[in-house]
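Visitor: Structure supplied as structure06.txt; contents: compact mmCIF, C-alpha atoms.
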```
# COMPACT_ATOMS: atom_id res chain seq x y z
CA MET A 1320 0.00 0.00 0.00
CA LYS A 1321 1.29 3.48 -0.81
CA PRO A 1322 2.23 5.76 2.09
CA SER A 1323 -0.44 8.29 1.10
CA ARG A 1324 -3.19 5.66 1.29
CA ILE A 1325 -1.94 4.37 4.61
CA ASN A 1326 -1.85 7.91 5.93
CA LYS A 1327 -5.45 8.54 4.84
CA ALA A 1328 -6.60 5.27 6.42
CA LEU A 1329 -4.87 6.16 9.65
CA LYS A 1330 -6.41 9.62 9.73
CA ALA A 1331 -9.88 8.14 9.15
CA ALA A 1332 -9.39 5.49 11.85
CA GLY A 1333 -8.02 8.11 14.23
CA SER A 1334 -10.97 10.42 13.64
CA MET A 1335 -13.45 7.58 14.25
CA ALA A 1336 -11.65 6.57 17.42
CA MET A 1337 -11.70 10.11 18.77
CA LEU A 1338 -15.42 10.45 17.93
CA LEU A 1339 -16.30 7.24 19.74
CA LEU A 1340 -14.20 8.24 22.72
CA ALA A 1341 -16.00 11.59 22.85
CA LEU A 1342 -19.38 9.85 22.83
CA LEU A 1343 -18.31 7.59 25.67
CA VAL A 1344 -17.06 10.38 27.93
CA THR A 1345 -19.13 10.64 31.09
CA ASN A 1346 -20.64 13.95 32.13
CA PRO A 1347 -18.46 15.06 35.06
CA ALA A 1348 -21.38 16.83 36.74
CA ALA A 1349 -23.47 13.63 36.84
CA ALA A 1350 -20.74 11.20 37.88
CA GLN A 1351 -19.61 10.41 41.40
CA ASP A 1352 -16.28 8.70 41.80
CA ARG A 1353 -16.00 6.04 44.49
CA THR A 1354 -13.23 3.59 45.29
CA ILE A 1355 -14.75 0.46 46.76
CA THR A 1356 -13.31 -2.64 48.38
CA LEU A 1357 -14.78 -6.10 47.96
CA ASP A 1358 -15.97 -6.17 51.58
CA GLU A 1359 -17.78 -2.87 51.10
CA ALA A 1360 -19.40 -4.11 47.90
CA LEU A 1361 -20.60 -7.29 49.62
CA LYS A 1362 -22.02 -5.33 52.55
CA LEU A 1363 -23.90 -2.91 50.29
CA GLY A 1364 -25.16 -5.60 47.94
CA ILE A 1365 -26.49 -7.83 50.71
CA GLU A 1366 -28.13 -4.90 52.53
CA ASN A 1367 -29.90 -3.72 49.37
CA SER A 1368 -30.75 -7.08 47.82
CA LYS A 1369 -34.42 -7.38 46.93
CA THR A 1370 -33.93 -11.14 46.56
CA LEU A 1371 -32.87 -11.46 50.20
CA LYS A 1372 -35.84 -9.37 51.29
CA LEU A 1373 -38.05 -11.83 49.43
CA SER A 1374 -36.26 -14.72 51.16
CA GLN A 1375 -37.00 -13.15 54.55
CA SER A 1376 -40.65 -12.84 53.53
CA ARG A 1377 -40.73 -16.58 52.80
CA ILE A 1378 -39.23 -17.31 56.21
CA ASP A 1379 -41.92 -15.15 57.83
CA GLN A 1380 -44.58 -17.10 55.91
CA ALA A 1381 -43.14 -20.41 57.14
CA VAL A 1382 -43.15 -19.11 60.73
CA SER A 1383 -46.77 -18.02 60.26
CA GLN A 1384 -47.70 -21.51 59.05
CA TYR A 1385 -46.03 -22.97 62.16
CA GLN A 1386 -48.07 -20.65 64.39
CA GLN A 1387 -51.23 -21.72 62.55
CA ALA A 1388 -50.35 -25.37 63.19
CA LYS A 1389 -50.03 -24.57 66.90
CA ASP A 1390 -53.38 -22.77 66.82
CA ARG A 1391 -55.09 -25.93 65.56
CA SER A 1392 -54.49 -27.53 68.97
CA LEU A 1393 -56.51 -24.82 70.72
CA PRO A 1394 -60.20 -25.28 71.57
CA THR A 1395 -62.78 -24.10 69.07
CA ALA A 1396 -65.67 -22.00 70.31
CA SER A 1397 -68.78 -20.47 68.78
CA ALA A 1398 -71.76 -18.45 69.93
CA SER A 1399 -75.02 -17.45 68.27
CA PHE A 1400 -78.28 -15.75 69.16
CA GLY A 1401 -81.41 -15.81 67.00
CA TYR A 1402 -84.93 -14.43 67.03
CA ASN A 1403 -87.99 -16.09 65.49
CA ARG A 1404 -91.56 -14.79 65.16
CA ALA A 1405 -94.39 -17.14 64.30
CA GLN A 1406 -97.77 -16.06 62.86
CA ILE A 1407 -100.65 -18.59 63.35
CA PRO A 1408 -103.66 -17.63 61.17
CA ALA A 1409 -105.54 -20.90 61.95
CA ASN A 1410 -105.05 -21.05 65.67
CA LYS A 1411 -107.99 -23.19 66.90
CA LEU A 1412 -108.03 -26.95 67.16
CA ASN A 1413 -111.26 -28.89 67.73
CA LEU A 1414 -110.67 -32.11 69.64
CA GLY A 1415 -114.17 -33.57 69.83
CA GLU A 1416 -116.01 -31.86 72.62
CA GLU A 1417 -112.85 -30.04 73.62
CA SER A 1418 -111.03 -27.34 71.67
CA LEU A 1419 -107.59 -25.80 71.90
CA SER A 1420 -106.93 -22.20 71.01
CA LEU A 1421 -103.41 -20.96 70.22
CA PRO A 1422 -102.21 -17.37 70.08
CA THR A 1423 -102.25 -15.69 66.69
CA SER A 1424 -98.51 -14.96 66.99
CA ALA A 1425 -95.49 -15.96 69.13
CA ASN A 1426 -91.91 -14.82 69.68
CA ALA A 1427 -88.95 -17.09 70.39
CA TYR A 1428 -85.30 -16.49 71.13
CA LEU A 1429 -82.57 -19.12 70.81
CA GLY A 1430 -78.98 -18.63 71.97
CA THR A 1431 -76.14 -21.17 71.86
CA LEU A 1432 -72.58 -21.27 73.21
CA SER A 1433 -70.31 -24.23 72.50
CA LEU A 1434 -66.70 -25.26 73.14
CA SER A 1435 -64.86 -28.21 71.62
CA GLN A 1436 -61.37 -29.51 72.36
CA PRO A 1437 -59.68 -32.38 70.50
CA ILE A 1438 -57.99 -34.69 72.98
CA TRP A 1439 -56.61 -37.39 70.70
CA GLN A 1440 -56.34 -37.53 66.91
CA GLY A 1441 -53.51 -39.97 66.49
CA ASN A 1442 -50.89 -37.21 67.10
CA LYS A 1443 -51.83 -35.51 63.81
CA LEU A 1444 -51.56 -32.05 65.39
CA LYS A 1445 -48.14 -32.92 66.80
CA TYR A 1446 -46.95 -34.10 63.37
CA ALA A 1447 -48.32 -30.93 61.76
CA ARG A 1448 -46.27 -28.79 64.15
CA GLU A 1449 -43.14 -30.86 63.53
CA SER A 1450 -43.59 -30.61 59.77
CA THR A 1451 -44.05 -26.83 59.76
CA THR A 1452 -41.07 -26.41 62.10
CA LEU A 1453 -38.89 -28.33 59.64
CA LEU A 1454 -40.28 -26.34 56.70
CA THR A 1455 -39.29 -23.14 58.51
CA GLU A 1456 -35.71 -24.42 58.75
CA VAL A 1457 -35.77 -25.27 55.04
CA ALA A 1458 -36.89 -21.70 54.26
CA ARG A 1459 -34.02 -20.33 56.34
CA LEU A 1460 -31.55 -22.49 54.41
CA ASP A 1461 -33.08 -21.23 51.15
CA ALA A 1462 -32.20 -17.74 52.37
CA VAL A 1463 -28.62 -18.91 53.01
CA ASN A 1464 -28.41 -20.17 49.41
CA ASP A 1465 -29.86 -16.91 48.12
CA LYS A 1466 -27.32 -14.93 50.14
CA ASP A 1467 -24.48 -17.03 48.72
CA GLN A 1468 -25.73 -16.45 45.18
CA ILE A 1469 -26.08 -12.69 45.73
CA ALA A 1470 -22.59 -12.52 47.23
CA TYR A 1471 -21.15 -14.46 44.31
CA SER A 1472 -22.88 -12.20 41.77
CA ILE A 1473 -21.33 -9.18 43.51
CA ILE A 1474 -17.88 -10.81 43.53
CA ASN A 1475 -18.22 -11.75 39.86
CA ALA A 1476 -19.16 -8.19 38.88
CA TYR A 1477 -16.39 -6.79 41.09
CA TYR A 1478 -13.70 -8.86 39.40
CA ASN A 1479 -15.06 -8.22 35.92
CA LEU A 1480 -14.87 -4.48 36.57
CA TYR A 1481 -11.36 -4.91 37.96
CA LYS A 1482 -10.30 -6.79 34.83
CA VAL A 1483 -11.60 -4.02 32.59
CA LEU A 1484 -9.98 -1.27 34.66
CA GLN A 1485 -6.62 -3.07 34.69
CA SER A 1486 -6.79 -3.63 30.95
CA LYS A 1487 -7.49 0.08 30.49
CA LYS A 1488 -4.39 0.90 32.53
CA VAL A 1489 -2.31 -1.29 30.27
CA VAL A 1490 -3.84 0.40 27.24
CA ASP A 1491 -2.98 3.83 28.65
CA GLN A 1492 0.58 2.75 29.39
CA ASN A 1493 1.01 1.36 25.91
CA LEU A 1494 -0.36 4.53 24.34
CA ILE A 1495 2.33 6.51 26.19
CA THR A 1496 4.97 4.06 24.96
CA ILE A 1497 3.76 4.05 21.36
CA ASP A 1498 3.61 7.87 21.31
CA ALA A 1499 7.27 7.98 22.30
CA GLN A 1500 8.08 5.49 19.55
CA ILE A 1501 6.14 7.53 16.98
CA LYS A 1502 8.14 10.64 17.91
CA GLN A 1503 11.40 8.71 17.66
CA ALA A 1504 10.42 7.13 14.33
CA GLN A 1505 9.43 10.56 12.99
CA ARG A 1506 12.80 11.93 14.03
CA PHE A 1507 14.59 9.03 12.33
CA PHE A 1508 12.46 9.62 9.23
CA ASP A 1509 13.45 13.29 9.19
CA GLN A 1510 17.07 12.18 9.38
CA GLY A 1511 16.53 9.71 6.53
CA ILE A 1512 17.26 6.67 8.70
CA VAL A 1513 13.81 5.01 8.33
CA THR A 1514 11.09 5.15 5.72
CA LYS A 1515 7.65 6.73 5.98
CA ASN A 1516 6.13 3.23 6.20
CA ASP A 1517 7.98 2.67 9.47
CA VAL A 1518 6.34 5.75 10.98
CA LEU A 1519 2.92 4.75 9.63
CA ARG A 1520 3.17 1.27 11.15
CA PHE A 1521 3.56 2.75 14.62
CA GLN A 1522 0.64 5.08 13.97
CA LEU A 1523 -1.50 2.15 12.83
CA GLN A 1524 -0.55 0.23 15.97
CA ARG A 1525 -1.65 3.22 18.05
CA SER A 1526 -5.05 3.30 16.33
CA ASN A 1527 -5.58 -0.40 17.06
CA ILE A 1528 -4.76 0.19 20.72
CA GLU A 1529 -7.24 3.09 20.82
CA LEU A 1530 -9.98 0.91 19.32
CA ASN A 1531 -9.30 -1.71 21.97
CA GLY A 1532 -9.61 1.04 24.58
CA ILE A 1533 -13.03 2.01 23.21
CA ASP A 1534 -14.27 -1.57 23.60
CA LEU A 1535 -12.93 -1.69 27.14
CA GLU A 1536 -14.62 1.61 28.04
CA ASN A 1537 -17.92 0.34 26.69
CA ASN A 1538 -17.63 -2.83 28.80
CA ARG A 1539 -16.66 -0.75 31.84
CA ARG A 1540 -19.77 1.40 31.51
CA ILE A 1541 -22.04 -1.65 31.29
CA ILE A 1542 -20.44 -3.44 34.26
CA ASN A 1543 -20.29 -0.23 36.31
CA TYR A 1544 -23.99 0.48 35.76
CA ASN A 1545 -24.93 -3.10 36.69
CA MET A 1546 -22.88 -2.84 39.87
CA ASP A 1547 -24.53 0.47 40.82
CA ILE A 1548 -27.92 -1.24 40.56
CA LEU A 1549 -26.70 -4.34 42.39
CA LEU A 1550 -25.22 -2.34 45.28
CA GLY A 1551 -28.05 0.18 45.52
CA LEU A 1552 -25.80 3.13 44.57
CA PRO A 1553 -26.81 6.18 42.49
CA GLU A 1554 -26.71 5.19 38.83
CA GLY A 1555 -24.10 7.85 37.99
CA THR A 1556 -21.53 6.52 40.48
CA GLN A 1557 -18.22 5.72 38.78
CA LEU A 1558 -16.61 2.85 40.65
CA THR A 1559 -12.91 2.24 41.06
CA ILE A 1560 -11.74 -1.12 42.37
CA ALA A 1561 -9.21 -1.30 45.15
CA GLN A 1562 -6.18 -3.52 44.52
CA ILE A 1563 -6.91 -7.22 44.91
CA THR A 1564 -4.56 -9.82 46.40
CA GLU A 1565 -6.78 -12.90 46.66
CA ALA A 1566 -4.83 -14.72 43.95
CA ASP A 1567 -2.09 -15.41 46.53
CA HIS A 1568 -4.17 -18.08 48.31
CA SER A 1569 -2.54 -21.49 48.01
CA ALA A 1570 -4.70 -24.49 47.14
CA ALA A 1571 -5.24 -27.25 49.71
CA PRO A 1572 -5.74 -30.89 48.58
CA LEU A 1573 -9.00 -31.60 46.76
CA THR A 1574 -10.21 -33.96 49.50
CA ALA A 1575 -10.18 -31.07 52.00
CA TYR A 1576 -12.56 -29.04 49.82
CA LEU A 1577 -14.82 -32.05 49.24
CA ASP A 1578 -15.07 -32.72 52.99
CA THR A 1579 -15.83 -29.04 53.61
CA ALA A 1580 -18.61 -29.11 51.02
CA MET A 1581 -20.17 -32.20 52.57
CA SER A 1582 -20.24 -30.44 55.95
CA ASN A 1583 -21.25 -26.93 54.94
CA ARG A 1584 -23.41 -26.97 51.82
CA ALA A 1585 -26.91 -25.88 52.77
CA GLU A 1586 -28.38 -28.33 50.25
CA PHE A 1587 -27.33 -31.32 52.36
CA GLN A 1588 -28.93 -29.83 55.46
CA GLN A 1589 -32.07 -29.19 53.42
CA PHE A 1590 -32.21 -32.77 52.20
CA ASP A 1591 -31.86 -34.03 55.77
CA LEU A 1592 -34.74 -31.78 56.81
CA ARG A 1593 -36.87 -32.85 53.85
CA THR A 1594 -36.22 -36.49 54.75
CA ARG A 1595 -37.49 -35.80 58.27
CA ILE A 1596 -40.50 -33.99 56.81
CA ALA A 1597 -41.27 -37.03 54.63
CA GLU A 1598 -40.97 -39.35 57.64
CA THR A 1599 -43.29 -37.09 59.65
CA ASN A 1600 -45.75 -37.15 56.77
CA ILE A 1601 -45.73 -40.97 56.83
CA LYS A 1602 -46.60 -40.92 60.53
CA SER A 1603 -49.35 -38.36 59.91
CA VAL A 1604 -50.91 -40.47 57.15
CA LYS A 1605 -50.76 -43.59 59.34
CA ALA A 1606 -52.55 -41.62 62.06
CA ASN A 1607 -55.64 -41.51 59.83
CA THR A 1608 -56.48 -45.03 61.05
CA SER A 1609 -56.42 -43.99 64.71
CA PRO A 1610 -59.59 -43.40 66.76
CA THR A 1611 -60.33 -39.81 67.78
CA LEU A 1612 -61.41 -38.45 71.12
CA SER A 1613 -62.74 -34.95 71.77
CA ALA A 1614 -64.46 -33.09 74.58
CA SER A 1615 -67.27 -30.60 74.10
CA ALA A 1616 -69.53 -28.39 76.16
CA SER A 1617 -72.65 -26.49 75.06
CA ALA A 1618 -75.09 -24.10 76.67
CA TYR A 1619 -78.47 -23.04 75.24
CA TYR A 1620 -80.87 -20.25 75.96
CA VAL A 1621 -84.48 -20.73 74.78
CA GLY A 1622 -86.87 -17.86 75.47
CA ILE A 1623 -90.51 -17.86 74.45
CA ALA A 1624 -91.54 -14.52 75.86
CA ALA A 1625 -91.66 -11.24 73.97
CA ASN A 1626 -88.83 -9.92 76.13
CA PRO A 1627 -85.44 -11.41 75.08
CA ILE A 1628 -84.44 -11.45 78.74
CA PRO A 1629 -87.69 -12.56 80.38
CA LYS A 1630 -88.44 -13.29 84.00
CA THR A 1631 -87.77 -16.67 85.51
CA GLY A 1632 -90.11 -19.29 84.21
CA ASN A 1633 -90.32 -17.92 80.68
CA PHE A 1634 -87.09 -19.45 79.37
CA ILE A 1635 -84.93 -22.54 79.76
CA THR A 1636 -81.07 -22.93 79.70
CA PRO A 1637 -80.00 -26.51 79.02
CA ILE A 1638 -76.24 -27.13 79.43
CA SER A 1639 -74.48 -30.21 78.11
CA ALA A 1640 -70.94 -31.59 78.32
CA GLY A 1641 -69.52 -34.79 76.99
CA LEU A 1642 -66.80 -36.85 75.34
CA THR A 1643 -66.98 -38.14 71.79
CA LEU A 1644 -65.03 -41.21 70.75
CA GLY A 1645 -64.97 -41.92 67.02
CA TRP A 1646 -63.22 -44.33 64.71
CA ASN A 1647 -63.41 -44.37 60.95
CA PHE A 1648 -62.22 -47.97 60.71
CA GLY A 1649 -62.71 -47.95 56.94
CA THR A 1650 -59.28 -46.27 56.78
CA LEU A 1651 -57.75 -49.63 57.75
CA TRP A 1652 -58.08 -50.69 54.11
CA THR A 1653 -58.41 -47.32 52.32
CA ASN A 1654 -55.32 -45.66 53.86
CA LYS A 1655 -52.59 -48.14 52.92
CA ASN A 1656 -51.98 -46.68 49.45
CA LYS A 1657 -51.66 -43.21 50.94
CA VAL A 1658 -48.98 -44.58 53.26
CA ASN A 1659 -47.20 -46.14 50.27
CA GLU A 1660 -47.30 -42.79 48.46
CA ALA A 1661 -45.79 -41.04 51.48
CA LYS A 1662 -43.00 -43.64 51.61
CA LEU A 1663 -42.29 -43.12 47.89
CA GLN A 1664 -41.99 -39.38 48.52
CA ARG A 1665 -39.41 -40.09 51.22
CA GLU A 1666 -37.51 -42.37 48.81
CA GLU A 1667 -37.54 -39.64 46.19
CA VAL A 1668 -35.93 -37.22 48.64
CA ILE A 1669 -33.20 -39.76 49.41
CA ILE A 1670 -32.50 -40.34 45.70
CA ASN A 1671 -32.39 -36.59 45.02
CA LYS A 1672 -29.86 -36.20 47.82
CA GLY A 1673 -27.64 -38.78 46.12
CA ILE A 1674 -27.92 -36.92 42.80
CA ALA A 1675 -27.13 -33.60 44.51
CA THR A 1676 -24.10 -35.17 46.21
CA ASP A 1677 -22.65 -36.24 42.86
CA ASN A 1678 -23.34 -32.83 41.31
CA ILE A 1679 -21.74 -30.96 44.22
CA LYS A 1680 -18.65 -33.18 44.09
CA ASN A 1681 -18.33 -32.44 40.37
CA GLU A 1682 -18.80 -28.74 41.05
CA VAL A 1683 -16.11 -28.70 43.74
CA ASN A 1684 -13.68 -30.63 41.57
CA GLN A 1685 -14.24 -28.33 38.59
CA SER A 1686 -13.82 -25.21 40.74
CA TYR A 1687 -10.69 -26.67 42.31
CA GLN A 1688 -9.10 -27.55 38.96
CA ASN A 1689 -9.97 -24.11 37.55
CA TYR A 1690 -8.32 -22.41 40.52
CA LYS A 1691 -5.20 -24.55 40.23
CA ALA A 1692 -5.01 -23.81 36.51
CA ALA A 1693 -5.44 -20.07 37.20
CA LEU A 1694 -2.53 -20.10 39.67
CA ASP A 1695 -0.35 -22.02 37.20
CA LYS A 1696 -1.30 -19.56 34.48
CA ILE A 1697 -0.15 -16.62 36.61
CA THR A 1698 3.24 -18.24 37.17
CA LEU A 1699 3.65 -18.92 33.47
CA LEU A 1700 2.55 -15.42 32.45
CA GLN A 1701 4.96 -13.80 34.88
CA THR A 1702 7.73 -15.71 33.16
CA SER A 1703 6.41 -14.76 29.72
CA ILE A 1704 6.36 -11.07 30.71
CA ASN A 1705 10.01 -11.25 31.73
CA GLN A 1706 10.78 -12.82 28.37
CA ALA A 1707 8.69 -10.26 26.48
CA GLN A 1708 10.37 -7.37 28.31
CA GLU A 1709 13.83 -8.68 27.49
CA ASN A 1710 12.84 -9.29 23.86
CA ASN A 1711 11.41 -5.78 23.64
CA ARG A 1712 14.56 -4.26 25.13
CA ILE A 1713 16.82 -6.11 22.69
CA LEU A 1714 14.76 -5.15 19.65
CA GLU A 1715 14.49 -1.55 20.84
CA ASN A 1716 18.29 -1.34 20.97
CA LYS A 1717 18.58 -2.99 17.58
CA TYR A 1718 16.02 -0.64 16.10
CA ARG A 1719 17.85 2.39 17.44
CA SER A 1720 21.01 0.98 15.93
CA ASN A 1721 19.10 0.46 12.65
CA ILE A 1722 19.72 -3.29 12.84
CA SER A 1723 16.09 -4.50 13.11
CA THR A 1724 13.06 -3.36 11.14
CA ALA A 1725 10.14 -1.31 12.39
CA THR A 1726 7.94 -4.38 11.98
CA ASP A 1727 10.11 -6.39 14.36
CA ARG A 1728 10.06 -3.51 16.82
CA ALA A 1729 6.26 -3.19 16.66
CA ASP A 1730 5.79 -6.94 17.02
CA ALA A 1731 7.95 -7.00 20.17
CA GLN A 1732 5.95 -4.16 21.67
CA THR A 1733 2.68 -5.92 20.83
CA LEU A 1734 3.87 -9.13 22.48
CA LEU A 1735 4.76 -7.24 25.67
CA TYR A 1736 1.44 -5.40 25.58
CA GLN A 1737 -0.49 -8.67 25.23
CA ALA A 1738 1.51 -10.36 28.00
CA GLN A 1739 0.72 -7.49 30.36
CA ILE A 1740 -2.98 -7.70 29.64
CA ASN A 1741 -2.99 -11.47 30.02
CA LEU A 1742 -1.28 -11.28 33.42
CA GLU A 1743 -3.76 -8.75 34.79
CA LEU A 1744 -6.67 -10.80 33.52
CA ALA A 1745 -5.16 -14.00 34.93
CA LYS A 1746 -4.81 -12.41 38.38
CA ALA A 1747 -8.46 -11.40 38.34
CA ASP A 1748 -9.50 -14.82 37.02
CA ALA A 1749 -7.56 -16.49 39.83
CA GLY A 1750 -9.26 -14.27 42.43
CA LEU A 1751 -12.69 -15.07 41.02
CA ALA A 1752 -11.81 -18.78 40.76
CA TYR A 1753 -10.87 -18.75 44.46
CA TYR A 1754 -14.27 -17.36 45.44
CA THR A 1755 -15.96 -19.80 43.08
CA LEU A 1756 -14.19 -22.59 44.93
CA LEU A 1757 -15.34 -21.16 48.28
CA LYS A 1758 -18.91 -21.00 46.99
CA SER A 1759 -18.78 -24.63 45.87
CA THR A 1760 -17.77 -25.68 49.40
CA GLY A 1761 -20.47 -23.59 51.12
CA LYS A 1762 -17.92 -21.30 52.79
CA LEU A 1763 -18.46 -18.12 50.78
CA ASN A 1764 -20.25 -16.21 53.56
CA LYS A 1765 -18.62 -18.01 56.50
```
Reformat the file's structure so that it appears as structure tokens.
Guide:
Amino acid sequence: MKPSRINKALKAAGSMAMLLLALLVTNPAAAQDRTITLDEALKLGIENSKTLKLSQSRIDQAVSQYQQAKDRSLPTASASFGYNRAQIPANKLNLGEESLSLPTSANAYLGTLSLSQPIWQGNKLKYARESTTLLTEVARLDAVNDKDQIAYSIINAYYNLYKVLQSKKVVDQNLITIDAQIKQAQRFFDQGIVTKNDVLRFQLQRSNIELNGIDLENNRRIINYNMDILLGLPEGTQLTIAQITEADHSAAPLTAYLDTAMSNRAEFQQFDLRTRIAETNIKSVKANTSPTLSASASAYYVGIAANPIPKTGNFITPISAGLTLGWNFGTLWTNKNKVNEAKLQREEVIINKGIATDNIKNEVNQSYQNYKAALDKITLLQTSINQAQENNRILENKYRSNISTATDRADAQTLLYQAQINLELAKADAGLAYYTLLKSTGKLNK
């Protein structure tokens, strides 16, 4: 390509890059800068999480259901009071020589008051309370899982923003370096040492770096906005991530993480609770075949006078109390399939626990291997950066001595630039992999 065409292409690319950068510039008046640590982000995110508020609402509902189960063991009571008026148009009865005359109208009042208390129902009320108590514990463990997921989402966003910000730093550093090289190449061109193409290659490399910076800024804006929403911050807050050091954690043997997961994952505690719930349900279904015993007491007021509270002799007040023993013995042959269904539900819980155990072991192993690989990658990249820096230094000296070409010089700089980006990203990936491993063992919030 001719130098003039290359120059035109570079000018066009440069103009587009500057335009896009101008469009992406944040309004200083609307933005609020804030440097945030991971602990601060977790605290804000958990305090402002709508999901955790919903989890607390579910716990409150489970507690309410437990209280309702307790209420079912209390006596039931009812009271009523009614008025009746009778009109008797034909009010005379002839009984042979005798006759009976009735009043043309009559008033009557009837009041009732009753109490009933179950004494024995095969422990069904006891099983209902046990079941709702266990369901409340399950709801609390659901909240623990929700909190872990919220915390992990915050950590994930935190590290993604860190990766973008670190990459932008590398871009800025490389722009400074490439500007110095452009000035030097221009000076060599003026002295007739290098050609115009050598200068244009550095300018083209600078445009590519600028375009990469535009992509990074776009990603930063998206992640930053999402984090503002997640943490409950004003939407214009521009976040800066404090330096992270979590990648320095050494990895323990895999068996240690597996044992930790078996002890701490909320899912295992939930399955144990659900197994107990299923066993309680079996007992409750079996209790259908048990006789029932209840006590009751009733009082009546029957008034036949016009006055609802008449004088003595114009009303009666029968009072009754008793015990009722009942037995629906037909359940002896109609209840057995319900018991079998309850046992199958318990078996399903046990099978699901086995499936969850396998899945959690796989999750822990995958997280462990990813973390180990991330640590190994950091070690390798640190070595590659040392090599890229030495290679860049050698080619820079050769280029100044007019021994190597501008292409070789640009390639060396690109390799160093890429190695720097890869190292920063690997450090962030290792930090995130560490927290992913903690999450898989149930120790993220402990």
Visitor: Using only C-alpha atoms, determine which residues lie at most 8 Å from Gln1522 of chain A, disregarding the query and same-chain residues fewer than 3 positions distant; provide the list as a PyMOL selection string.
Guide: chain A and resi 1329+1501+1518-1519+1525-1526
Visitor: Excluding same-chain residues fewer than 3 positions from Ser1374 of chain A, what lies within 8 Å of it counting only C-alpha atoms, as a PyMOL selection string?
Guide: chain A and resi 1370-1371+1377-1378+1458-1459+1461-1462+1465
Visitor: What lies within 10 Å of segment 1715-1720 of chain A using all atoms listed in the file, ignoring chain neighbours under 3 positions off, as a ChimeraX atom specification?
Guide: /A:1500,1503-1504,1507,1512-1513,1709-1712,1723-1729,1731-1732
Visitor: Which residues of segment 1499-1538 of chain A sit at most 10 Å from segment 1474-1489 of chain A, using only C-alpha atoms? Give each one's shortest atom pair and distance in Å (one decimal place), in chain and ascending residue order, as a Markdown table.
Guide:
```
| residue | atom | partner | partner_atom | distance |
| --- | --- | --- | --- | --- |
| A:Ile1528 | CA | A:Val1489 | CA | 10.0 |
| A:Asn1531 | CA | A:Lys1487 | CA | 8.9 |
| A:Gly1532 | CA | A:Lys1487 | CA | 6.4 |
| A:Ile1533 | CA | A:Lys1487 | CA | 9.3 |
| A:Asp1534 | CA | A:Val1483 | CA | 9.7 |
| A:Leu1535 | CA | A:Val1483 | CA | 6.1 |
| A:Glu1536 | CA | A:Lys1487 | CA | 7.7 |
| A:Asn1537 | CA | A:Val1483 | CA | 9.7 |
| A:Asn1538 | CA | A:Val1483 | CA | 7.2 |
```
Visitor: Name the closest residue to Ile1623 of chain A among the candidates A:Ala1499, A:Ala1692, A:Ala1405, A:Ile1365; distances are taken between atoms, counting only C-alpha atoms.
Guide: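 Of A:Ala1499, A:Ala1692, A:Ala1405, A:Ile1365, the one nearest Ile1623 of chain A, counting only C-alpha atoms, is A:Ala1405.
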Visitor: Using Å and a single decimal, report how far atom CA of Pro1553 of chain A sits from atom CA of Asn1367 of chain A.
Guide: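 It comes out at 12.4 Å.
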Visitor: Write out as a compact mmCIF listing (two decimals) with C-alpha atoms, in the frame of the given file each polymer residue whose atoms come within 6 Å of segment 1427-1434 of chain A, counting only C-alpha atoms; drop sequence neighbours fewer than 6 positions from it.
Guide:
```txt
# COMPACT_ATOMS: atom_id res chain seq x y z
CA THR A 1395 -62.78 -24.10 69.07
CA ALA A 1396 -65.67 -22.00 70.31
CA SER A 1397 -68.78 -20.47 68.78
CA ALA A 1398 -71.76 -18.45 69.93
CA SER A 1399 -75.02 -17.45 68.27
CA PHE A 1400 -78.28 -15.75 69.16
CA GLY A 1401 -81.41 -15.81 67.00
CA TYR A 1402 -84.93 -14.43 67.03
CA ASN A 1403 -87.99 -16.09 65.49
CA SER A 1615 -67.27 -30.60 74.10
CA ALA A 1616 -69.53 -28.39 76.16
CA SER A 1617 -72.65 -26.49 75.06
CA ALA A 1618 -75.09 -24.10 76.67
CA TYR A 1619 -78.47 -23.04 75.24
CA TYR A 1620 -80.87 -20.25 75.96
CA VAL A 1621 -84.48 -20.73 74.78
CA GLY A 1622 -86.87 -17.86 75.47
CA ILE A 1623 -90.51 -17.86 74.45
```
Visitor: As a ChimeraX atom specification, please: the residues near Gln1386 of chain A (cut-off 12 Å, only C-alpha atoms, same-chain neighbours under 4 positions excluded).
Guide: /A:1379-1382,1390-1393,1444,1447-1452,1455
Visitor: What is the atom CA of Thr1423 of chain A to atom CA of Ile1407 of chain A distance in Å?
Guide: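 Between these atoms lies a distance of 4.7 Å.
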Visitor: Would you mind reading off the distance between atom CA of Ile1722 of chain A and atom CA of Asp1491 of chain A, one decimal, in Å?
Guide: 28.6 Å
Visitor: Quick one: contact table of segment 1659-1761 of chain A to segment 1563-1586 of chain A, 7 Å max, nearest atom pair and distance in Å to one decimal per residue, counting only C-alpha atoms, chain and number order, as a tab-separated table?
Guide:
```
residue	atom	partner	partner_atom	distance
A:Lys1680	CA	A:Leu1577	CA	6.5
A:Val1683	CA	A:Leu1577	CA	6.6
A:Tyr1687	CA	A:Leu1573	CA	6.9
A:Lys1691	CA	A:Ala1570	CA	6.9
A:Lys1746	CA	A:Ala1566	CA	6.0
A:Ala1749	CA	A:Ala1566	CA	5.2
A:Gly1750	CA	A:Ala1566	CA	4.7
A:Ser1759	CA	A:Ala1580	CA	6.8
A:Thr1760	CA	A:Ala1580	CA	3.9
A:Gly1761	CA	A:Arg1584	CA	4.5
```
Visitor: Counting all atoms listed in the file, which residue out of A:Lys1696, A:Lys1411, A:Lys1443, A:Lys1515 sits closest to Ile1601 of chain A?
Guide: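 Answer, going by the shortest atom-to-atom distance: A:Lys1443.
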Visitor: Mind listing whatever residues come within 10 Å of the point (-45.9, -40.8, 57.1)? Use only C-alpha atoms, file coordinates, and give them as an MDAnalysis selection string.
Guide: chainID A and resid 1446 1595:1606 1657:1662 1664:1665
